[in-house]
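Single-structure report; data block below.
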Amino acid sequence: MLDVLCVGHTSFDVTMSVTHQPANNEKMRAEAMQLAGGGPAANASVCVARLGGRAAFLGYLGNDVFGDLHVAELLAEGVDASLVVRGAYDSAVSQVLAKPDGSRSVVSCRGQAPWLESGSVDWRHLEPKVVLFDGHEPLISAEIMLWAKEKGIPTVLDAGSVHRGTRELATQVDCLAASERFAHDWCNTEDMAQALSELAGMAPMAMITCGENGLLWSRDGQRGHLPAFSVEVVDSTGAGDAFHGALAYGMAQNLEWNALLRFASAVGALTCTRLGARASLPHRDAVDHLLG
């Protein structure tokens, strides 16, 4: 049986390590470069596979060199790529600038590919234990959400920002895992504790990831704060994707709540210790070592 079905966005990332944010008209040299597949749901599927789980990715890639490279990566990682839709529209590409303090700037070109239509992909034979959405394929995600509810399959939303997909799914999923950006924009407040109170009314499990400040969570009427793991940050790109992939996989493994949060947080933290998102997704032995 499949552990996690990951539904949403995929891109190809060109990540460069730079000493500072380029100024207007400035030319500069990168200290290092990483070329790899990316995208929240696609990264999450690779994360699940590296942790020892069985993952499938459902999304779109173009019939271009970036799509070819990305599908090859997914297959090499052991991800089921049978639900990847290929087409004439270009694959999405992202340029990532990673700074010495671990922050990054991202410029993305999604291309003109339309959203995947409801009924365009048959996923039902996979029988996943958990479904993870990033909201970037809202039409087919709505269909899968209804199916998951009928089957009693737990669902998770990687709510990185407020857009059509996250707006429609936020009140439907079992676990709403929001970024500070989403919480701020949705709840219109800088107070994350206040934002959590609102998000807690939308899903049985809700959390706000706050980077180096850890995360806030709510479940069954209880709330808490989990500090972040202390690691040497090189590049935070992909940390959220890794966190959500690990969270969904931990749910598929029926981890106890506190163990689940620590597991996902450890995976997210380790992703910050290397350049690039895909290349830095950790394997299970590294996670177990950090957890002690």
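Ordering of the structure tokens sets the chain letters (A, B, ...), residue numbers begin anew at 1 in every chain, and ligands are numbered from 1 in the order given.
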Taking the backbone alone, and naming residues the way the document does, which bits of stretch 61-115 of chain A are strand (DSSP E) by DSSP, as an mmCIF file with all heavy atoms, in the first residue's frame?
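Written out: result26.cif:
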data_model
loop_
_atom_site.group_PDB
_atom_site.id
_atom_site.type_symbol
_atom_site.label_atom_id
_atom_site.label_comp_id
_atom_site.auth_asym_id
_atom_site.auth_seq_id
_atom_site.Cartn_x
_atom_site.Cartn_y
_atom_site.Cartn_z
ATOM 1 N N LEU A 61 4.237 18.024 -15.770
ATOM 2 C CA LEU A 61 5.560 18.366 -16.273
ATOM 3 C C LEU A 61 5.490 18.436 -17.798
ATOM 4 O O LEU A 61 4.773 17.650 -18.430
ATOM 5 C CB LEU A 61 6.602 17.323 -15.857
ATOM 6 C CG LEU A 61 7.127 17.404 -14.428
ATOM 7 C CD1 LEU A 61 7.926 16.155 -14.083
ATOM 8 C CD2 LEU A 61 7.979 18.654 -14.234
ATOM 9 N N GLY A 62 6.229 19.363 -18.366
ATOM 10 C CA GLY A 62 6.222 19.510 -19.809
ATOM 11 C C GLY A 62 7.054 18.448 -20.512
ATOM 12 O O GLY A 62 7.892 17.780 -19.907
ATOM 13 N N ASP A 80 6.764 6.811 -7.227
ATOM 14 C CA ASP A 80 5.850 6.399 -8.297
ATOM 15 C C ASP A 80 5.477 7.641 -9.105
ATOM 16 O O ASP A 80 4.799 8.543 -8.604
ATOM 17 C CB ASP A 80 4.600 5.768 -7.676
ATOM 18 C CG ASP A 80 3.635 5.213 -8.713
ATOM 19 O OD1 ASP A 80 3.666 5.680 -9.872
ATOM 20 O OD2 ASP A 80 2.829 4.336 -8.360
ATOM 21 N N ALA A 81 5.955 7.702 -10.342
ATOM 22 C CA ALA A 81 5.691 8.851 -11.206
ATOM 23 C C ALA A 81 4.641 8.551 -12.267
ATOM 24 O O ALA A 81 4.516 9.292 -13.246
ATOM 25 C CB ALA A 81 6.993 9.295 -11.871
ATOM 26 N N SER A 82 3.866 7.499 -12.064
ATOM 27 C CA SER A 82 2.882 7.095 -13.073
ATOM 28 C C SER A 82 1.734 8.096 -13.200
ATOM 29 O O SER A 82 1.003 8.077 -14.196
ATOM 30 C CB SER A 82 2.322 5.707 -12.746
ATOM 31 O OG SER A 82 1.613 5.717 -11.510
ATOM 32 N N LEU A 83 1.563 8.965 -12.205
ATOM 33 C CA LEU A 83 0.483 9.942 -12.241
ATOM 34 C C LEU A 83 0.951 11.311 -12.722
ATOM 35 O O LEU A 83 0.188 12.276 -12.679
ATOM 36 C CB LEU A 83 -0.157 10.080 -10.854
ATOM 37 C CG LEU A 83 -0.722 8.796 -10.238
ATOM 38 C CD1 LEU A 83 -1.397 9.102 -8.906
ATOM 39 C CD2 LEU A 83 -1.694 8.112 -11.184
ATOM 40 N N VAL A 84 2.199 11.407 -13.153
ATOM 41 C CA VAL A 84 2.704 12.660 -13.710
ATOM 42 C C VAL A 84 2.138 12.840 -15.111
ATOM 43 O O VAL A 84 2.265 11.961 -15.958
ATOM 44 C CB VAL A 84 4.244 12.683 -13.762
ATOM 45 C CG1 VAL A 84 4.735 13.934 -14.479
ATOM 46 C CG2 VAL A 84 4.819 12.626 -12.358
ATOM 47 N N VAL A 85 1.506 13.969 -15.345
ATOM 48 C CA VAL A 85 0.930 14.280 -16.647
ATOM 49 C C VAL A 85 1.955 15.092 -17.437
ATOM 50 O O VAL A 85 2.427 16.129 -16.973
ATOM 51 C CB VAL A 85 -0.378 15.084 -16.503
ATOM 52 C CG1 VAL A 85 -0.915 15.479 -17.874
ATOM 53 C CG2 VAL A 85 -1.414 14.270 -15.728
ATOM 54 N N ARG A 86 2.320 14.612 -18.624
ATOM 55 C CA ARG A 86 3.248 15.328 -19.514
ATOM 56 C C ARG A 86 2.448 16.003 -20.621
ATOM 57 O O ARG A 86 1.432 15.477 -21.085
ATOM 58 C CB ARG A 86 4.266 14.363 -20.127
ATOM 59 C CG ARG A 86 5.037 13.501 -19.146
ATOM 60 C CD ARG A 86 5.993 14.300 -18.279
ATOM 61 N NE ARG A 86 7.007 15.003 -19.055
ATOM 62 C CZ ARG A 86 8.163 14.472 -19.450
ATOM 63 N NH1 ARG A 86 8.440 13.201 -19.145
ATOM 64 N NH2 ARG A 86 9.053 15.197 -20.134
ATOM 65 N N GLY A 87 2.930 17.176 -21.059
ATOM 66 C CA GLY A 87 2.217 17.897 -22.100
ATOM 67 C C GLY A 87 3.101 18.883 -22.835
ATOM 68 O O GLY A 87 4.306 18.990 -22.580
ATOM 69 N N VAL A 93 10.064 26.471 -13.912
ATOM 70 C CA VAL A 93 11.471 26.579 -13.536
ATOM 71 C C VAL A 93 11.607 27.669 -12.484
ATOM 72 O O VAL A 93 10.961 28.718 -12.577
ATOM 73 C CB VAL A 93 12.365 26.912 -14.752
ATOM 74 C CG1 VAL A 93 13.824 27.053 -14.333
ATOM 75 C CG2 VAL A 93 12.226 25.843 -15.828
ATOM 76 N N SER A 94 12.450 27.422 -11.473
ATOM 77 C CA SER A 94 12.686 28.402 -10.418
ATOM 78 C C SER A 94 14.173 28.713 -10.294
ATOM 79 O O SER A 94 15.004 27.806 -10.309
ATOM 80 C CB SER A 94 12.166 27.885 -9.069
ATOM 81 O OG SER A 94 10.759 27.767 -9.079
ATOM 82 N N GLN A 95 14.501 29.994 -10.166
ATOM 83 C CA GLN A 95 15.859 30.437 -9.878
ATOM 84 C C GLN A 95 15.919 30.806 -8.398
ATOM 85 O O GLN A 95 15.177 31.661 -7.932
ATOM 86 C CB GLN A 95 16.220 31.661 -10.713
ATOM 87 C CG GLN A 95 17.537 32.320 -10.338
ATOM 88 C CD GLN A 95 18.742 31.469 -10.728
ATOM 89 O OE1 GLN A 95 19.009 31.279 -11.901
ATOM 90 N NE2 GLN A 95 19.452 30.968 -9.745
ATOM 91 N N VAL A 96 16.791 30.118 -7.661
ATOM 92 C CA VAL A 96 16.895 30.326 -6.214
ATOM 93 C C VAL A 96 18.268 30.905 -5.893
ATOM 94 O O VAL A 96 19.293 30.367 -6.317
ATOM 95 C CB VAL A 96 16.707 28.994 -5.445
ATOM 96 C CG1 VAL A 96 16.730 29.249 -3.948
ATOM 97 C CG2 VAL A 96 15.398 28.317 -5.858
ATOM 98 N N LEU A 97 18.303 32.004 -5.135
ATOM 99 C CA LEU A 97 19.545 32.591 -4.652
ATOM 100 C C LEU A 97 19.628 32.334 -3.151
ATOM 101 O O LEU A 97 18.798 32.838 -2.382
ATOM 102 C CB LEU A 97 19.591 34.092 -4.935
ATOM 103 C CG LEU A 97 19.551 34.515 -6.404
ATOM 104 C CD1 LEU A 97 19.636 36.030 -6.509
ATOM 105 C CD2 LEU A 97 20.667 33.859 -7.197
ATOM 106 N N ALA A 98 20.602 31.520 -2.745
ATOM 107 C CA ALA A 98 20.773 31.164 -1.330
ATOM 108 C C ALA A 98 21.841 32.058 -0.719
ATOM 109 O O ALA A 98 22.960 32.163 -1.231
ATOM 110 C CB ALA A 98 21.171 29.702 -1.209
ATOM 111 N N ARG A 104 16.745 32.929 1.411
ATOM 112 C CA ARG A 104 16.842 32.759 -0.026
ATOM 113 C C ARG A 104 15.823 33.639 -0.735
ATOM 114 O O ARG A 104 14.831 34.068 -0.158
ATOM 115 C CB ARG A 104 16.653 31.297 -0.432
ATOM 116 C CG ARG A 104 15.220 30.798 -0.568
ATOM 117 C CD ARG A 104 14.600 30.420 0.722
ATOM 118 N NE ARG A 104 13.378 29.644 0.515
ATOM 119 C CZ ARG A 104 12.421 29.497 1.413
ATOM 120 N NH1 ARG A 104 12.547 30.057 2.603
ATOM 121 N NH2 ARG A 104 11.346 28.775 1.165
ATOM 122 N N SER A 105 16.118 33.919 -1.996
ATOM 123 C CA SER A 105 15.194 34.618 -2.882
ATOM 124 C C SER A 105 14.859 33.674 -4.024
ATOM 125 O O SER A 105 15.725 32.960 -4.517
ATOM 126 C CB SER A 105 15.826 35.897 -3.437
ATOM 127 O OG SER A 105 16.167 36.794 -2.407
ATOM 128 N N VAL A 106 13.594 33.670 -4.434
ATOM 129 C CA VAL A 106 13.136 32.725 -5.457
ATOM 130 C C VAL A 106 12.368 33.474 -6.539
ATOM 131 O O VAL A 106 11.468 34.258 -6.246
ATOM 132 C CB VAL A 106 12.227 31.635 -4.850
ATOM 133 C CG1 VAL A 106 11.824 30.641 -5.928
ATOM 134 C CG2 VAL A 106 12.919 30.935 -3.698
ATOM 135 N N VAL A 107 12.737 33.226 -7.781
ATOM 136 C CA VAL A 107 12.002 33.743 -8.931
ATOM 137 C C VAL A 107 11.520 32.540 -9.730
ATOM 138 O O VAL A 107 12.327 31.711 -10.148
ATOM 139 C CB VAL A 107 12.873 34.644 -9.823
ATOM 140 C CG1 VAL A 107 12.060 35.158 -11.016
ATOM 141 C CG2 VAL A 107 13.430 35.816 -9.021
ATOM 142 N N SER A 108 10.209 32.419 -9.914
ATOM 143 C CA SER A 108 9.644 31.246 -10.575
ATOM 144 C C SER A 108 8.943 31.624 -11.871
ATOM 145 O O SER A 108 8.310 32.683 -11.963
ATOM 146 C CB SER A 108 8.651 30.539 -9.657
ATOM 147 O OG SER A 108 9.290 30.051 -8.505
ATOM 148 N N CYS A 109 9.056 30.748 -12.843
ATOM 149 C CA CYS A 109 8.315 30.874 -14.093
ATOM 150 C C CYS A 109 7.489 29.609 -14.254
ATOM 151 O O CYS A 109 8.035 28.537 -14.539
ATOM 152 C CB CYS A 109 9.268 31.054 -15.273
ATOM 153 S SG CYS A 109 8.421 31.242 -16.861
#
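Around A:Thr155, within 6 Å and counting only C-alpha atoms, the residues found are Val130, Val131, Leu132, Val173 and Asp174 of chain A, once anything fewer than 5 positions away on its own chain is removed.
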Using N, CA, C and O atoms, can you export the residues from the last selection as a CSV table (one decimal), in the first residue's frame?
chain,number,residue,atom,x,y,z
A,130,VAL,N,-2.2,8.3,3.4
A,130,VAL,CA,-2.4,9.8,3.6
A,130,VAL,C,-2.3,10.5,2.3
A,130,VAL,O,-1.5,10.1,1.4
A,131,VAL,N,-3.0,11.6,2.1
A,131,VAL,CA,-2.9,12.4,0.9
A,131,VAL,C,-2.3,13.8,1.4
A,131,VAL,O,-2.9,14.4,2.3
A,132,LEU,N,-1.3,14.3,0.7
A,132,LEU,CA,-0.7,15.6,1.0
A,132,LEU,C,-1.0,16.5,-0.2
A,132,LEU,O,-0.6,16.1,-1.4
A,173,VAL,N,-9.2,19.9,5.0
A,173,VAL,CA,-8.2,18.9,5.4
A,173,VAL,C,-8.3,18.5,6.9
A,173,VAL,O,-8.9,19.2,7.7
A,174,ASP,N,-7.7,17.4,7.2
A,174,ASP,CA,-7.6,16.9,8.6
A,174,ASP,C,-6.5,17.7,9.3
A,174,ASP,O,-6.6,17.9,10.5
Item to complete: Pick out each residue of stretch 84-251 of chain A that DSSP on the backbone tags as helix (DSSP H, G or I); I need them as an NGL selection string.
Response: :A and (124-126 or 138-151 or 164-169 or 180-187 or 192-200 or 211-213 or 239-251)
Worksheet, complete the sentence: One decimal place gives the atom CA of A:Glu143-atom CA of A:Met205 separation as 21.5 Å
Worksheet item: Which polymer residues have any atom within 8 Å of an atom of stretch 223-237 of chain A, counting only C-alpha atoms, with same-chain residues fewer than 3 positions away left out, as a PyMOL selection string?
Response: chain A and resi 98-104+211-219+240+261-262+265-266+269-277
Residue selection dump (N, CA and C atoms) as a PDB file, in the first residue's frame:
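So selection-v5.pdb came out as:
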ATOM      1  N   ALA A  98      20.602  31.520  -2.745  1.00  0.00           N
ATOM      2  CA  ALA A  98      20.773  31.164  -1.330  1.00  0.00           C
ATOM      3  C   ALA A  98      21.841  32.058  -0.719  1.00  0.00           C
ATOM      4  N   LYS A  99      21.514  32.718   0.419  1.00  0.00           N
ATOM      5  CA  LYS A  99      22.414  33.664   1.086  1.00  0.00           C
ATOM      6  C   LYS A  99      23.147  32.991   2.240  1.00  0.00           C
ATOM      7  N   PRO A 100      24.239  33.585   2.715  1.00  0.00           N
ATOM      8  CA  PRO A 100      25.023  32.994   3.804  1.00  0.00           C
ATOM      9  C   PRO A 100      24.247  32.793   5.102  1.00  0.00           C
ATOM     10  N   ASP A 101      23.221  33.611   5.341  1.00  0.00           N
ATOM     11  CA  ASP A 101      22.451  33.478   6.587  1.00  0.00           C
ATOM     12  C   ASP A 101      21.358  32.421   6.489  1.00  0.00           C
ATOM     13  N   GLY A 102      21.300  31.724   5.363  1.00  0.00           N
ATOM     14  CA  GLY A 102      20.301  30.670   5.193  1.00  0.00           C
ATOM     15  C   GLY A 102      19.019  31.130   4.524  1.00  0.00           C
ATOM     16  N   SER A 103      18.853  32.437   4.345  1.00  0.00           N
ATOM     17  CA  SER A 103      17.671  32.948   3.655  1.00  0.00           C
ATOM     18  C   SER A 103      17.836  32.753   2.154  1.00  0.00           C
ATOM     19  N   ARG A 104      16.745  32.929   1.411  1.00  0.00           N
ATOM     20  CA  ARG A 104      16.842  32.759  -0.026  1.00  0.00           C
ATOM     21  C   ARG A 104      15.823  33.639  -0.735  1.00  0.00           C
ATOM     22  N   GLY A 211       9.977  28.723  11.287  1.00  0.00           N
ATOM     23  CA  GLY A 211      11.406  28.702  11.028  1.00  0.00           C
ATOM     24  C   GLY A 211      12.215  28.401  12.270  1.00  0.00           C
ATOM     25  N   GLU A 212      13.216  29.245  12.531  1.00  0.00           N
ATOM     26  CA  GLU A 212      14.110  29.049  13.679  1.00  0.00           C
ATOM     27  C   GLU A 212      13.390  29.175  15.013  1.00  0.00           C
ATOM     28  N   ASN A 213      12.165  29.701  14.986  1.00  0.00           N
ATOM     29  CA  ASN A 213      11.373  29.832  16.216  1.00  0.00           C
ATOM     30  C   ASN A 213      10.484  28.619  16.475  1.00  0.00           C
ATOM     31  N   GLY A 214      10.663  27.567  15.692  1.00  0.00           N
ATOM     32  CA  GLY A 214       9.915  26.340  15.939  1.00  0.00           C
ATOM     33  C   GLY A 214       8.523  26.388  15.350  1.00  0.00           C
ATOM     34  N   LEU A 215       7.592  25.727  16.014  1.00  0.00           N
ATOM     35  CA  LEU A 215       6.222  25.699  15.509  1.00  0.00           C
ATOM     36  C   LEU A 215       5.217  25.761  16.649  1.00  0.00           C
ATOM     37  N   LEU A 216       4.039  26.264  16.314  1.00  0.00           N
ATOM     38  CA  LEU A 216       2.897  26.284  17.224  1.00  0.00           C
ATOM     39  C   LEU A 216       1.896  25.262  16.710  1.00  0.00           C
ATOM     40  N   TRP A 217       1.243  24.541  17.629  1.00  0.00           N
ATOM     41  CA  TRP A 217       0.317  23.507  17.190  1.00  0.00           C
ATOM     42  C   TRP A 217      -0.958  23.492  18.024  1.00  0.00           C
ATOM     43  N   SER A 218      -2.005  22.932  17.426  1.00  0.00           N
ATOM     44  CA  SER A 218      -3.288  22.767  18.110  1.00  0.00           C
ATOM     45  C   SER A 218      -3.883  21.426  17.695  1.00  0.00           C
ATOM     46  N   ARG A 219      -4.376  20.671  18.697  1.00  0.00           N
ATOM     47  CA  ARG A 219      -4.985  19.364  18.419  1.00  0.00           C
ATOM     48  C   ARG A 219      -5.868  18.956  19.587  1.00  0.00           C
ATOM     49  N   GLY A 240      10.387  23.590   4.295  1.00  0.00           N
ATOM     50  CA  GLY A 240       8.956  23.404   4.472  1.00  0.00           C
ATOM     51  C   GLY A 240       8.431  22.187   3.729  1.00  0.00           C
ATOM     52  N   LEU A 261       5.547  15.437  15.550  1.00  0.00           N
ATOM     53  CA  LEU A 261       6.023  16.811  15.376  1.00  0.00           C
ATOM     54  C   LEU A 261       7.538  16.890  15.427  1.00  0.00           C
ATOM     55  N   ARG A 262       8.154  16.155  16.341  1.00  0.00           N
ATOM     56  CA  ARG A 262       9.616  16.163  16.441  1.00  0.00           C
ATOM     57  C   ARG A 262      10.239  15.533  15.191  1.00  0.00           C
ATOM     58  N   SER A 265       9.904  18.030  12.321  1.00  0.00           N
ATOM     59  CA  SER A 265      10.775  19.179  12.570  1.00  0.00           C
ATOM     60  C   SER A 265      12.238  18.833  12.333  1.00  0.00           C
ATOM     61  N   ALA A 266      12.635  17.630  12.726  1.00  0.00           N
ATOM     62  CA  ALA A 266      14.016  17.191  12.512  1.00  0.00           C
ATOM     63  C   ALA A 266      14.321  17.093  11.026  1.00  0.00           C
ATOM     64  N   ALA A 269      14.686  20.601   9.654  1.00  0.00           N
ATOM     65  CA  ALA A 269      15.930  21.222  10.101  1.00  0.00           C
ATOM     66  C   ALA A 269      17.127  20.700   9.307  1.00  0.00           C
ATOM     67  N   LEU A 270      17.189  19.398   9.104  1.00  0.00           N
ATOM     68  CA  LEU A 270      18.314  18.817   8.374  1.00  0.00           C
ATOM     69  C   LEU A 270      18.365  19.294   6.924  1.00  0.00           C
ATOM     70  N   THR A 271      17.212  19.608   6.371  1.00  0.00           N
ATOM     71  CA  THR A 271      17.165  20.104   5.000  1.00  0.00           C
ATOM     72  C   THR A 271      17.850  21.466   4.869  1.00  0.00           C
ATOM     73  N   CYS A 272      17.958  22.187   5.959  1.00  0.00           N
ATOM     74  CA  CYS A 272      18.593  23.506   5.945  1.00  0.00           C
ATOM     75  C   CYS A 272      20.118  23.438   5.971  1.00  0.00           C
ATOM     76  N   THR A 273      20.693  22.260   6.151  1.00  0.00           N
ATOM     77  CA  THR A 273      22.137  22.147   6.372  1.00  0.00           C
ATOM     78  C   THR A 273      22.946  21.974   5.095  1.00  0.00           C
ATOM     79  N   ARG A 274      22.270  21.912   3.940  1.00  0.00           N
ATOM     80  CA  ARG A 274      22.970  21.760   2.665  1.00  0.00           C
ATOM     81  C   ARG A 274      22.339  22.678   1.624  1.00  0.00           C
ATOM     82  N   LEU A 275      23.077  22.949   0.555  1.00  0.00           N
ATOM     83  CA  LEU A 275      22.588  23.807  -0.517  1.00  0.00           C
ATOM     84  C   LEU A 275      21.549  23.066  -1.356  1.00  0.00           C
ATOM     85  N   GLY A 276      20.486  23.786  -1.718  1.00  0.00           N
ATOM     86  CA  GLY A 276      19.454  23.222  -2.573  1.00  0.00           C
ATOM     87  C   GLY A 276      18.392  22.489  -1.784  1.00  0.00           C
ATOM     88  N   ALA A 277      17.228  22.352  -2.386  1.00  0.00           N
ATOM     89  CA  ALA A 277      16.121  21.674  -1.712  1.00  0.00           C
ATOM     90  C   ALA A 277      16.198  20.167  -1.883  1.00  0.00           C
TER      91      ALA A 277
END
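If you measure from each of A:Gly67, A:Ser17, A:Trp147, A:Val79 to A:Arg50 using only C-alpha atoms, the closest one turns out to be A:Val79.
Closest approach to A:Phe133 among A:Val71, A:Ala88, A:Met202, A:Leu5 is made by A:Leu5 (distances from only C-alpha atoms).
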Worksheet item: Which residues come within 9 Å of stretch 51-59 of chain A, counting only C-alpha atoms, excluding same-chain residues fewer than 6 positions away, as JSON, numbers by chain?
Response: {"A": [1, 2, 3, 4, 5, 6, 7, 8, 9, 10, 41, 42, 44, 45, 74, 78, 79, 80, 81, 82, 83, 84, 85, 86, 116, 121, 123, 126, 128, 137, 246, 249, 282, 283, 284, 285, 287]}
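For A:Glu168, the set of protein, DNA and RNA residues having any atom at most 10 Å away, when counting only C-alpha atoms and skipping those fewer than 6 positions along the same chain, is Gly135, Pro138, Leu139, Ser141, Ala142 and Val162 of chain A.
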Would you export the selected residues with N, CA and C atoms as a CSV table (one decimal), in the first residue's frame, please?
chain,number,residue,atom,x,y,z
A,135,GLY,N,-2.0,22.6,-2.8
A,135,GLY,CA,-2.9,23.5,-3.3
A,135,GLY,C,-2.7,24.1,-4.7
A,138,PRO,N,-5.7,23.0,-7.9
A,138,PRO,CA,-7.0,23.1,-7.2
A,138,PRO,C,-8.1,22.2,-7.8
A,139,LEU,N,-8.2,22.1,-9.1
A,139,LEU,CA,-9.3,21.3,-9.7
A,139,LEU,C,-9.3,19.9,-9.3
A,141,SER,N,-7.4,18.5,-7.1
A,141,SER,CA,-7.3,18.3,-5.6
A,141,SER,C,-8.7,18.3,-5.0
A,142,ALA,N,-9.6,19.1,-5.5
A,142,ALA,CA,-10.9,19.1,-4.9
A,142,ALA,C,-11.6,17.7,-5.1
A,162,VAL,N,-1.5,32.1,0.6
A,162,VAL,CA,-2.9,32.1,0.3
A,162,VAL,C,-3.1,32.3,-1.2
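Interatomic distance, atom CA of A:Trp257 against atom CA of A:His125: 29.0 Å.
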